[in-house]
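Trainee: So here's structure36.txt, just compact mmCIF, C-alpha atoms:
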# COMPACT_ATOMS: atom_id res chain seq x y z
CA MET R 753 14.63 -12.62 4.64
CA ARG R 754 12.27 -11.89 1.76
CA ASP R 755 12.77 -9.14 -0.81
CA VAL R 756 9.88 -7.32 -2.45
CA VAL R 757 10.87 -5.31 -5.51
CA LEU R 758 8.66 -2.26 -6.01
CA THR R 759 7.55 -0.13 -8.93
CA THR R 760 7.97 3.06 -6.89
CA GLU R 761 9.45 3.76 -3.49
CA GLU R 762 6.20 4.91 -1.91
CA GLU R 763 4.83 1.39 -2.25
CA GLY R 764 7.57 0.34 0.12
CA VAL R 765 6.28 2.60 2.88
CA GLY R 766 2.97 0.77 2.69
CA VAL R 767 4.55 -2.67 2.46
CA VAL R 768 6.78 -2.20 5.51
CA ALA R 769 3.86 -0.77 7.49
CA GLY R 770 1.71 -3.74 6.49
CA ALA R 771 4.47 -6.14 7.45
CA TRP R 772 4.66 -4.52 10.88
CA LEU R 773 0.88 -4.81 11.27
CA GLY R 774 1.34 -8.52 10.67
CA GLY R 775 4.24 -8.93 13.09
CA GLN R 776 7.23 -8.78 10.76
CA ARG R 777 10.13 -6.32 10.63
CA ALA R 778 10.98 -4.84 7.27
CA ALA R 779 13.34 -2.22 5.89
CA LEU R 780 12.92 -0.03 2.82
CA LEU R 781 15.95 0.28 0.52
CA MET R 782 16.04 3.07 -2.01
CA GLN R 783 18.13 5.72 -3.70
CA SER R 784 18.00 9.36 -2.61
CA SER R 785 15.95 10.30 -5.68
CA GLY R 786 13.15 8.07 -4.37
CA VAL R 787 12.74 9.81 -1.04
CA ASP R 788 10.49 12.54 -2.39
CA ASN R 789 8.31 9.92 -4.08
CA CYS R 790 7.42 8.80 -0.55
CA VAL R 791 6.53 12.09 1.07
CA ASN R 792 2.74 11.77 1.29
CA MET R 793 3.01 8.07 2.15
CA PHE R 794 5.28 8.99 5.07
CA SER R 795 2.13 10.40 6.70
CA LEU R 796 1.16 6.77 7.34
CA LEU R 797 4.21 6.38 9.59
CA ASP R 798 3.52 9.55 11.52
CA SER R 799 -0.24 9.07 11.85
CA CYS R 800 0.06 5.50 13.11
CA ARG R 801 3.54 5.69 14.65
CA PHE R 802 4.88 2.75 12.68
CA PRO R 803 8.48 1.74 13.38
CA PHE R 804 10.37 2.48 10.16
CA LEU R 805 13.85 1.86 8.85
CA ALA R 806 15.08 3.05 5.45
CA LEU R 807 18.54 2.58 3.95
CA VAL R 808 19.15 5.26 1.35
CA THR R 809 22.04 5.25 -1.08
CA MET R 810 23.00 8.81 -1.97
CA ARG R 811 23.32 10.37 -5.39
CA GLY R 812 23.89 13.97 -6.32
CA GLU R 813 26.28 14.81 -3.51
CA TYR R 814 29.83 13.68 -4.37
CA ALA R 815 31.62 13.25 -7.71
CA GLU R 816 28.22 13.22 -9.39
CA PHE R 817 28.32 13.13 -13.19
CA ASN R 818 24.58 13.61 -13.67
CA PRO R 819 23.31 17.02 -12.54
CA TRP R 820 19.71 15.76 -12.59
CA GLN R 821 20.50 13.84 -9.42
CA SER R 822 21.52 16.98 -7.54
CA PRO R 823 18.16 18.63 -6.79
CA MET R 824 16.99 15.65 -4.76
CA GLY R 825 20.44 14.74 -3.51
CA ARG R 826 20.81 18.17 -1.94
CA ARG R 827 17.45 17.85 -0.19
CA THR R 828 17.22 14.19 0.77
CA GLN R 829 18.06 14.67 4.42
CA ALA R 830 15.87 17.77 4.76
CA ALA R 831 12.91 16.02 3.13
CA LEU R 832 13.17 13.08 5.48
CA GLU R 833 13.51 15.32 8.52
CA LEU R 834 10.64 17.49 7.35
CA MET R 835 8.46 14.39 7.47
CA GLY R 836 9.58 13.51 10.99
CA ILE R 837 12.15 10.85 10.14
CA ARG R 838 15.42 10.78 12.06
CA VAL R 839 18.46 10.72 9.79
CA TYR R 840 21.75 8.91 10.36
CA ARG R 841 24.62 8.93 7.88
CA ALA R 842 27.46 6.55 7.15
CA SER R 843 30.38 7.88 5.11
CA HIS R 844 33.05 5.24 5.73
CA PRO R 845 32.84 1.46 5.31
CA ASP R 846 33.95 0.80 8.88
CA GLU R 847 31.04 2.75 10.37
CA VAL R 848 28.22 1.25 8.31
CA GLY R 849 27.64 -1.72 10.62
CA GLU R 850 27.46 0.39 13.75
CA VAL R 851 25.24 3.07 12.24
CA VAL R 852 22.81 0.57 10.73
CA ASN R 853 22.70 -1.28 14.03
CA ALA R 854 21.90 1.97 15.85
CA ALA R 855 19.13 2.65 13.34
CA LEU R 856 17.71 -0.84 13.84
CA GLU R 857 17.53 -0.23 17.57
CA SER R 858 15.88 3.18 17.06
CA ALA R 859 13.26 1.66 14.78
CA PHE R 860 12.45 -1.62 16.44
CA LEU R 861 13.33 -1.07 20.09
CA ALA R 862 12.17 2.55 20.38
CA GLY R 863 9.52 2.49 17.64
CA GLU R 864 10.99 5.48 15.81
CA GLN R 865 11.15 6.35 12.14
CA VAL R 866 14.74 6.44 10.98
CA ALA R 867 16.72 6.54 7.75
CA VAL R 868 20.40 5.81 7.17
CA LEU R 869 21.99 7.74 4.33
CA LEU R 870 24.82 5.78 2.73
CA ALA R 871 27.12 8.46 1.33
CA GLN R 872 27.91 8.58 -2.37
CA SER R 873 31.60 8.64 -1.46
CA LEU R 874 31.06 5.28 0.22
CA ILE R 875 29.45 3.72 -2.81
CA GLY R 876 32.07 4.87 -5.29
CA ARG R 877 31.93 6.53 -8.66
CA LYS R 878 29.47 5.25 -11.21
CA LYS R 879 31.16 4.09 -14.40
CA TRP R 880 29.57 5.95 -17.29
CA GLU R 881 31.49 4.34 -20.12
CA ARG R 882 30.53 0.88 -21.20
CA ASN R 883 32.78 -0.99 -23.62
CA MET W 70 -7.44 -8.30 -38.80
CA ALA W 71 -6.90 -7.32 -35.19
CA THR W 72 -9.96 -6.50 -33.21
CA ALA W 73 -10.11 -3.19 -31.41
CA PRO W 74 -9.52 -3.36 -27.66
CA GLU W 75 -12.71 -3.60 -25.72
CA ILE W 76 -13.59 -0.29 -24.10
CA THR W 77 -15.24 -0.77 -20.76
CA THR W 78 -18.65 0.76 -20.65
CA ASN W 79 -20.11 0.06 -17.29
CA PRO W 80 -23.51 -1.46 -17.82
CA GLN W 81 -26.45 -0.70 -15.55
CA PRO W 82 -27.65 -1.61 -13.03
CA ARG W 83 -24.80 -1.47 -10.59
CA VAL W 84 -24.17 -2.95 -7.17
CA SER W 85 -25.16 -1.12 -3.99
CA ARG W 86 -21.99 -0.67 -1.93
CA ARG W 87 -23.11 -0.96 1.70
CA PRO W 88 -25.07 -4.23 1.52
CA PHE W 89 -22.42 -5.79 -0.73
CA VAL W 90 -19.57 -4.95 1.67
CA ALA W 91 -21.60 -5.98 4.73
CA ARG W 92 -22.46 -9.35 3.20
CA LEU W 93 -18.88 -9.96 2.04
CA LEU W 94 -17.48 -9.27 5.51
CA GLU W 95 -20.15 -11.41 7.11
CA LEU W 96 -19.03 -14.31 4.93
CA VAL W 97 -15.29 -13.94 5.68
CA PRO W 98 -15.24 -13.27 9.43
CA GLU W 99 -11.65 -14.48 9.76
CA ALA W 100 -10.21 -12.02 7.22
CA LEU W 101 -7.75 -9.28 8.06
CA VAL W 102 -9.12 -6.17 6.36
CA VAL W 103 -7.34 -3.05 5.07
CA THR W 104 -9.50 -0.21 3.76
CA GLY W 105 -8.65 2.61 1.39
CA LEU W 106 -9.46 6.13 2.54
CA GLY W 107 -12.91 7.61 2.06
CA ALA W 108 -16.11 5.72 1.42
CA PRO W 109 -14.62 2.19 1.50
CA SER W 110 -13.45 2.85 5.08
CA TYR W 111 -16.99 4.02 5.94
CA ASP W 112 -18.55 0.97 4.26
CA VAL W 113 -16.39 -1.45 6.21
CA PHE W 114 -16.94 0.38 9.50
CA ALA W 115 -20.69 0.53 8.88
CA ALA W 116 -20.67 -3.25 8.55
CA GLY W 117 -19.41 -3.48 12.14
CA ASP W 118 -16.19 -2.30 13.73
CA ARG W 119 -13.67 -5.02 14.50
CA ASP W 120 -10.09 -5.13 15.73
CA GLU W 121 -8.98 -6.90 12.55
CA ASN W 122 -9.83 -3.83 10.43
CA PHE W 123 -7.10 -1.36 9.53
CA TYR W 124 -8.72 1.82 8.24
CA LEU W 125 -6.70 4.27 6.19
CA TRP W 126 -7.70 7.93 6.47
CA GLY W 127 -4.91 9.09 4.18
CA ALA W 128 -1.82 7.67 2.44
CA MET W 129 -3.86 7.57 -0.76
CA GLY W 130 -2.61 4.88 -3.11
CA GLY W 131 -1.21 2.80 -0.27
CA ALA W 132 -4.02 0.37 0.57
CA VAL W 133 -2.82 -2.47 -1.67
CA SER W 134 0.79 -2.00 -0.53
CA VAL W 135 -0.23 -2.20 3.13
CA GLY W 136 -2.30 -5.27 2.31
CA LEU W 137 0.63 -6.86 0.50
CA GLY W 138 2.98 -6.36 3.45
CA LEU W 139 0.35 -7.78 5.78
CA ALA W 140 -0.35 -10.74 3.50
CA LEU W 141 3.34 -11.64 3.35
CA ALA W 142 3.62 -11.37 7.14
CA GLN W 143 0.47 -13.43 7.80
CA PRO W 144 0.38 -16.12 5.09
CA GLU W 145 -2.10 -18.28 7.02
CA ARG W 146 -4.73 -15.53 7.14
CA SER W 147 -6.91 -14.15 4.37
CA VAL W 148 -6.04 -10.49 3.81
CA LEU W 149 -8.75 -8.43 2.17
CA VAL W 150 -8.11 -4.95 0.80
CA ILE W 151 -11.28 -2.95 0.17
CA THR W 152 -10.69 0.32 -1.62
CA GLY W 153 -12.09 2.65 -4.26
CA ASP W 154 -11.28 3.25 -7.91
CA GLY W 155 -9.51 6.57 -7.27
CA GLU W 156 -7.33 5.13 -4.53
CA MET W 157 -6.51 2.11 -6.68
CA LEU W 158 -5.58 4.29 -9.65
CA MET W 159 -3.20 6.31 -7.49
CA GLY W 160 -1.35 3.17 -6.45
CA ILE W 161 -1.74 1.32 -9.73
CA GLY W 162 1.89 0.15 -9.75
CA SER W 163 1.23 -1.86 -6.60
CA LEU W 164 -0.85 -4.26 -8.70
CA ALA W 165 2.31 -5.08 -10.66
CA THR W 166 4.15 -5.72 -7.40
CA VAL W 167 1.34 -8.04 -6.26
CA GLY W 168 1.53 -9.77 -9.62
CA VAL W 169 5.23 -10.43 -9.08
CA GLN W 170 4.86 -11.54 -5.45
CA GLN W 171 1.76 -13.73 -6.01
CA PRO W 172 0.59 -13.73 -2.38
CA ALA W 173 -2.01 -16.52 -2.32
CA ASN W 174 -3.83 -14.96 0.64
CA LEU W 175 -4.31 -11.43 -0.73
CA SER W 176 -7.63 -10.31 -2.17
CA ILE W 177 -8.22 -6.85 -3.56
CA VAL W 178 -11.78 -5.60 -3.90
CA VAL W 179 -12.22 -2.26 -5.62
CA LEU W 180 -15.57 -0.54 -5.14
CA ASP W 181 -15.72 1.27 -8.46
CA ASN W 182 -18.24 4.06 -8.84
CA GLY W 183 -16.11 5.75 -11.47
CA HIS W 184 -15.83 8.91 -9.38
CA TYR W 185 -13.91 10.68 -6.64
CA GLY W 186 -16.74 10.75 -4.13
CA GLU W 187 -14.86 12.39 -1.30
CA THR W 188 -13.97 15.51 -3.29
CA GLY W 189 -17.23 16.17 -5.13
CA MET W 190 -17.83 13.30 -7.55
CA GLN W 191 -15.39 14.25 -10.25
CA PRO W 192 -15.17 11.40 -12.79
CA SER W 193 -12.21 9.06 -12.45
CA HIS W 194 -10.43 7.30 -15.28
CA THR W 195 -12.54 4.16 -14.75
CA SER W 196 -15.63 5.96 -16.03
CA GLN W 197 -13.63 6.97 -19.09
CA GLY W 198 -12.55 3.59 -20.38
CA VAL W 199 -9.73 2.52 -18.08
CA ASP W 200 -10.22 -1.15 -17.22
CA LEU W 201 -8.95 -1.88 -13.71
CA ALA W 202 -9.64 -5.62 -13.85
CA GLY W 203 -7.82 -5.73 -17.17
CA ILE W 204 -4.82 -3.93 -15.66
CA ALA W 205 -4.82 -6.34 -12.71
CA ARG W 206 -4.96 -9.37 -15.02
CA ALA W 207 -2.20 -7.98 -17.23
CA SER W 208 -0.14 -7.37 -14.09
CA GLY W 209 -0.14 -11.07 -13.32
CA ILE W 210 -3.20 -11.37 -11.07
CA ALA W 211 -4.83 -14.17 -13.04
CA ASP W 212 -8.00 -14.25 -10.95
CA SER W 213 -9.24 -10.79 -11.89
CA SER W 214 -12.86 -10.08 -12.65
CA LYS W 215 -15.64 -7.53 -12.72
CA ILE W 216 -18.65 -7.99 -10.50
CA LEU W 217 -21.94 -6.56 -11.74
CA ASP W 218 -24.37 -8.73 -9.82
CA PRO W 219 -24.71 -8.53 -6.03
CA ALA W 220 -25.52 -12.24 -6.00
CA GLU W 221 -21.87 -12.91 -6.84
CA VAL W 222 -20.84 -11.91 -3.31
CA GLY W 223 -21.00 -15.50 -2.08
CA ARG W 224 -18.65 -16.76 -4.77
CA LEU W 225 -16.28 -13.85 -4.11
CA ALA W 226 -16.25 -14.59 -0.36
CA ALA W 227 -15.45 -18.23 -1.04
CA ARG W 228 -12.49 -17.19 -3.20
CA VAL W 229 -11.25 -14.80 -0.49
CA ALA W 230 -11.45 -17.54 2.13
CA ALA W 231 -9.77 -20.10 -0.13
CA ARG W 232 -6.46 -18.19 -0.18
CA SER W 233 -5.77 -19.47 -3.68
CA GLY W 234 -5.11 -16.00 -5.05
CA PRO W 235 -4.02 -13.36 -5.39
CA LEU W 236 -7.38 -12.17 -6.56
CA PHE W 237 -8.74 -8.89 -7.81
CA ALA W 238 -12.42 -7.99 -8.02
CA GLN W 239 -13.71 -4.76 -9.50
CA VAL W 240 -17.20 -4.28 -8.12
CA LEU W 241 -19.21 -1.90 -10.25
CA ILE W 242 -21.19 0.05 -7.69
CA ASP W 243 -23.71 2.83 -8.14
CA THR W 244 -22.88 6.44 -7.28
CA ASP W 245 -25.17 6.63 -4.26
CA GLU W 246 -23.44 8.11 -1.23
CA PRO W 247 -24.74 6.49 1.96
CA PRO W 248 -24.45 8.43 5.23
CA ARG W 249 -20.88 8.64 6.43
CA ALA W 250 -19.98 6.11 9.12
CA LEU W 251 -16.68 7.21 10.57
CA PRO W 252 -14.18 4.77 12.05
CA SER W 253 -11.53 5.89 14.52
CA ARG W 254 -9.10 8.43 13.10
CA ASP W 255 -6.54 7.56 15.75
CA GLY W 256 -4.08 5.61 13.64
CA VAL W 257 -1.95 4.58 16.60
CA HIS W 258 -4.98 3.08 18.33
CA VAL W 259 -6.20 1.28 15.21
CA LYS W 260 -2.71 -0.10 14.52
CA ASN W 261 -2.11 -1.29 18.05
CA ARG W 262 -5.49 -2.95 18.49
CA PHE W 263 -5.00 -4.69 15.13
CA ARG W 264 -1.66 -6.06 16.32
CA ALA W 265 -3.14 -7.02 19.67
CA ALA W 266 -5.78 -9.07 17.84
CA LEU W 267 -2.87 -11.02 16.34
CA GLY W 268 -1.25 -11.43 19.75
CA LEU W 269 1.41 -8.77 19.07
CA GLU W 270 2.72 -6.05 21.37
CA PRO W 271 2.60 -2.37 20.28
CA PHE W 272 6.36 -2.53 19.63
Show this structure as structure tokens.
Mentor:
Amino acid sequence: MRDVVLTTEEEGVGVVAGAWLGGQRAALLMQSSGVDNCVNMFSLLDSCRFPFLALVTMRGEYAEFNPWQSPMGRRTQAALELMGIRVYRASHPDEVGEVVNAALESAFLAGEQVAVLLAQSLIGRKKWERN
Amino acid sequence: MATAPEITTNPQPRVSRRPFVARLLELVPEALVVTGLGAPSYDVFAAGDRDENFYLWGAMGGAVSVGLGLALAQPERSVLVITGDGEMLMGIGSLATVGVQQPANLSIVVLDNGHYGETGMQPSHTSQGVDLAGIARASGIADSSKILDPAEVGRLAARVAARSGPLFAQVLIDTDEPPRALPSRDGVHVKNRFRAALGLEPF
């Protein structure tokens, strides 16, 4: 597995599409606040019907200290669905494996565009104090 | 005393886009080609349609990212991104990502007329001092240059074929707008025939 760190999430839409063109499977990992950065680039997936898998860690939905995360956190799922991407969610550690596996099958066996939202409750509270 | 940064003033005369692109593609027949939306897609199509071309008709700012993903997936093939200055500016961060990844087989050729041709020739930042080749070099793409002379096409093609990159070439083209030559707008078709040329199934 090779990781490609990006400067903005929308680059990742292009990179995973390019990888598929060349015969490789790739997944895009990002935080919920990055989903809207991708919206126009998602047109690439729809126009060309690229298989697509995103794993999205959620902010702005549960025990969130920073209100600036909420506008996008409240709309992450809707934004993805608006752009034609199927959304799965995992809220408990014991379901992550199954849900991600289902998403993998949707993307690479059925050629769909799919995102898995990893709930903020799953990730745990961010520690804001640093000693 | 520090010298002032060099401001790019694009000297005349400039390269003519269609013959330059046609000659470049003729010299690298094995390359996998990704084109940025608008005139670069038309230039590449006008040079002769081929299965190994992936034409973007949208996703502005994504050409280099698509080329990067393709280059990483196909390290034994030369991958050539041909795009325009406006498209490159919109995805400027992708140059930094290329600089970090250092894909030896990725070449980026920007046809720079300093304008947004598709929307009415509004000036882009590159006609107002922004130095794309300088940005590429500062992003870690050591082989970054400006091309002002069409005779340099042979040397550029040799560098593309050598896969000793990544490389970035900013080709200073004139603002002539040749007749549109429109490749297929069916993205599914273009994607699947590209994969088929590599021996890959649709999915």
Trainee: Quick check, in Å to one decimal: how far apart do atom CA of W:Tyr124 and atom CA of W:Gly160 lie?
Mentor: 16.5 Å
Trainee: Between W:Leu101, W:Val257, W:Leu94, W:Ala266, which has the minimum distance to chain R (counting all atoms listed in the file)?
Mentor: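 So, comparing all the options, the nearest one is W:Val257.
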Trainee: Contacts from chain R to chain W, 12 Å maximum, only C-alpha atoms: show me the residue list as a PyMOL selection string.
Mentor: chain R and resi 753-780+790-804+857-864
Trainee: Using all atoms listed in the file, determine which residues lie at most 9 Å from stretch 866-879 of chain R, disregarding the query and same-chain residues fewer than 6 positions distant; provide the list as a PDB file with C-alpha atoms, keeping the file's coordinate frame.
Mentor:
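Done, and the output landed in part18.pdb:
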ATOM      1  CA  SER R 784      18.000   9.360  -2.610  1.00  0.00           C
ATOM      2  CA  PRO R 803       8.480   1.740  13.380  1.00  0.00           C
ATOM      3  CA  PHE R 804      10.370   2.480  10.160  1.00  0.00           C
ATOM      4  CA  LEU R 805      13.850   1.860   8.850  1.00  0.00           C
ATOM      5  CA  ALA R 806      15.080   3.050   5.450  1.00  0.00           C
ATOM      6  CA  LEU R 807      18.540   2.580   3.950  1.00  0.00           C
ATOM      7  CA  VAL R 808      19.150   5.260   1.350  1.00  0.00           C
ATOM      8  CA  THR R 809      22.040   5.250  -1.080  1.00  0.00           C
ATOM      9  CA  MET R 810      23.000   8.810  -1.970  1.00  0.00           C
ATOM     10  CA  ARG R 811      23.320  10.370  -5.390  1.00  0.00           C
ATOM     11  CA  GLY R 812      23.890  13.970  -6.320  1.00  0.00           C
ATOM     12  CA  GLU R 813      26.280  14.810  -3.510  1.00  0.00           C
ATOM     13  CA  TYR R 814      29.830  13.680  -4.370  1.00  0.00           C
ATOM     14  CA  ALA R 815      31.620  13.250  -7.710  1.00  0.00           C
ATOM     15  CA  GLU R 816      28.220  13.220  -9.390  1.00  0.00           C
ATOM     16  CA  PHE R 817      28.320  13.130 -13.190  1.00  0.00           C
ATOM     17  CA  THR R 828      17.220  14.190   0.770  1.00  0.00           C
ATOM     18  CA  GLN R 829      18.060  14.670   4.420  1.00  0.00           C
ATOM     19  CA  LEU R 832      13.170  13.080   5.480  1.00  0.00           C
ATOM     20  CA  GLY R 836       9.580  13.510  10.990  1.00  0.00           C
ATOM     21  CA  ILE R 837      12.150  10.850  10.140  1.00  0.00           C
ATOM     22  CA  ARG R 838      15.420  10.780  12.060  1.00  0.00           C
ATOM     23  CA  VAL R 839      18.460  10.720   9.790  1.00  0.00           C
ATOM     24  CA  TYR R 840      21.750   8.910  10.360  1.00  0.00           C
ATOM     25  CA  ARG R 841      24.620   8.930   7.880  1.00  0.00           C
ATOM     26  CA  ALA R 842      27.460   6.550   7.150  1.00  0.00           C
ATOM     27  CA  SER R 843      30.380   7.880   5.110  1.00  0.00           C
ATOM     28  CA  HIS R 844      33.050   5.240   5.730  1.00  0.00           C
ATOM     29  CA  PRO R 845      32.840   1.460   5.310  1.00  0.00           C
ATOM     30  CA  VAL R 848      28.220   1.250   8.310  1.00  0.00           C
ATOM     31  CA  VAL R 851      25.240   3.070  12.240  1.00  0.00           C
ATOM     32  CA  VAL R 852      22.810   0.570  10.730  1.00  0.00           C
ATOM     33  CA  ALA R 855      19.130   2.650  13.340  1.00  0.00           C
ATOM     34  CA  LEU R 856      17.710  -0.840  13.840  1.00  0.00           C
ATOM     35  CA  SER R 858      15.880   3.180  17.060  1.00  0.00           C
ATOM     36  CA  ALA R 859      13.260   1.660  14.780  1.00  0.00           C
TER      37      ALA R 859
END
Trainee: List the residues sitting within 7 Å of (-5.1, -9.1, -2.7) in the file's frame, using all atoms listed in the file, as JSON, numbers by chain.
Mentor: {"W": [136, 137, 148, 149, 150, 174, 175, 176, 177, 235, 236, 237]}
Trainee: Using Å and a single decimal, report how far atom CA of W:Val179 sits from atom CA of W:Val240.
Mentor: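 These atoms are spaced 5.9 Å apart.
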Trainee: Write out as a ChimeraX atom specification which residues come within 8 Å of W:Ala115 when counting all atoms listed in the file, dropping same-chain ones fewer than 4 positions away.
Mentor: /W:87,91,111,250-251
Trainee: Please produce a file of those selected residues containing C-alpha atoms, as an mmCIF file, in the frame of the given file.
Mentor:
data_model
loop_
_atom_site.group_PDB
_atom_site.id
_atom_site.type_symbol
_atom_site.label_atom_id
_atom_site.label_comp_id
_atom_site.auth_asym_id
_atom_site.auth_seq_id
_atom_site.Cartn_x
_atom_site.Cartn_y
_atom_site.Cartn_z
ATOM 1 C CA ARG W 87 -23.110 -0.960 1.700
ATOM 2 C CA ALA W 91 -21.600 -5.980 4.730
ATOM 3 C CA TYR W 111 -16.990 4.020 5.940
ATOM 4 C CA ALA W 250 -19.980 6.110 9.120
ATOM 5 C CA LEU W 251 -16.680 7.210 10.570
#
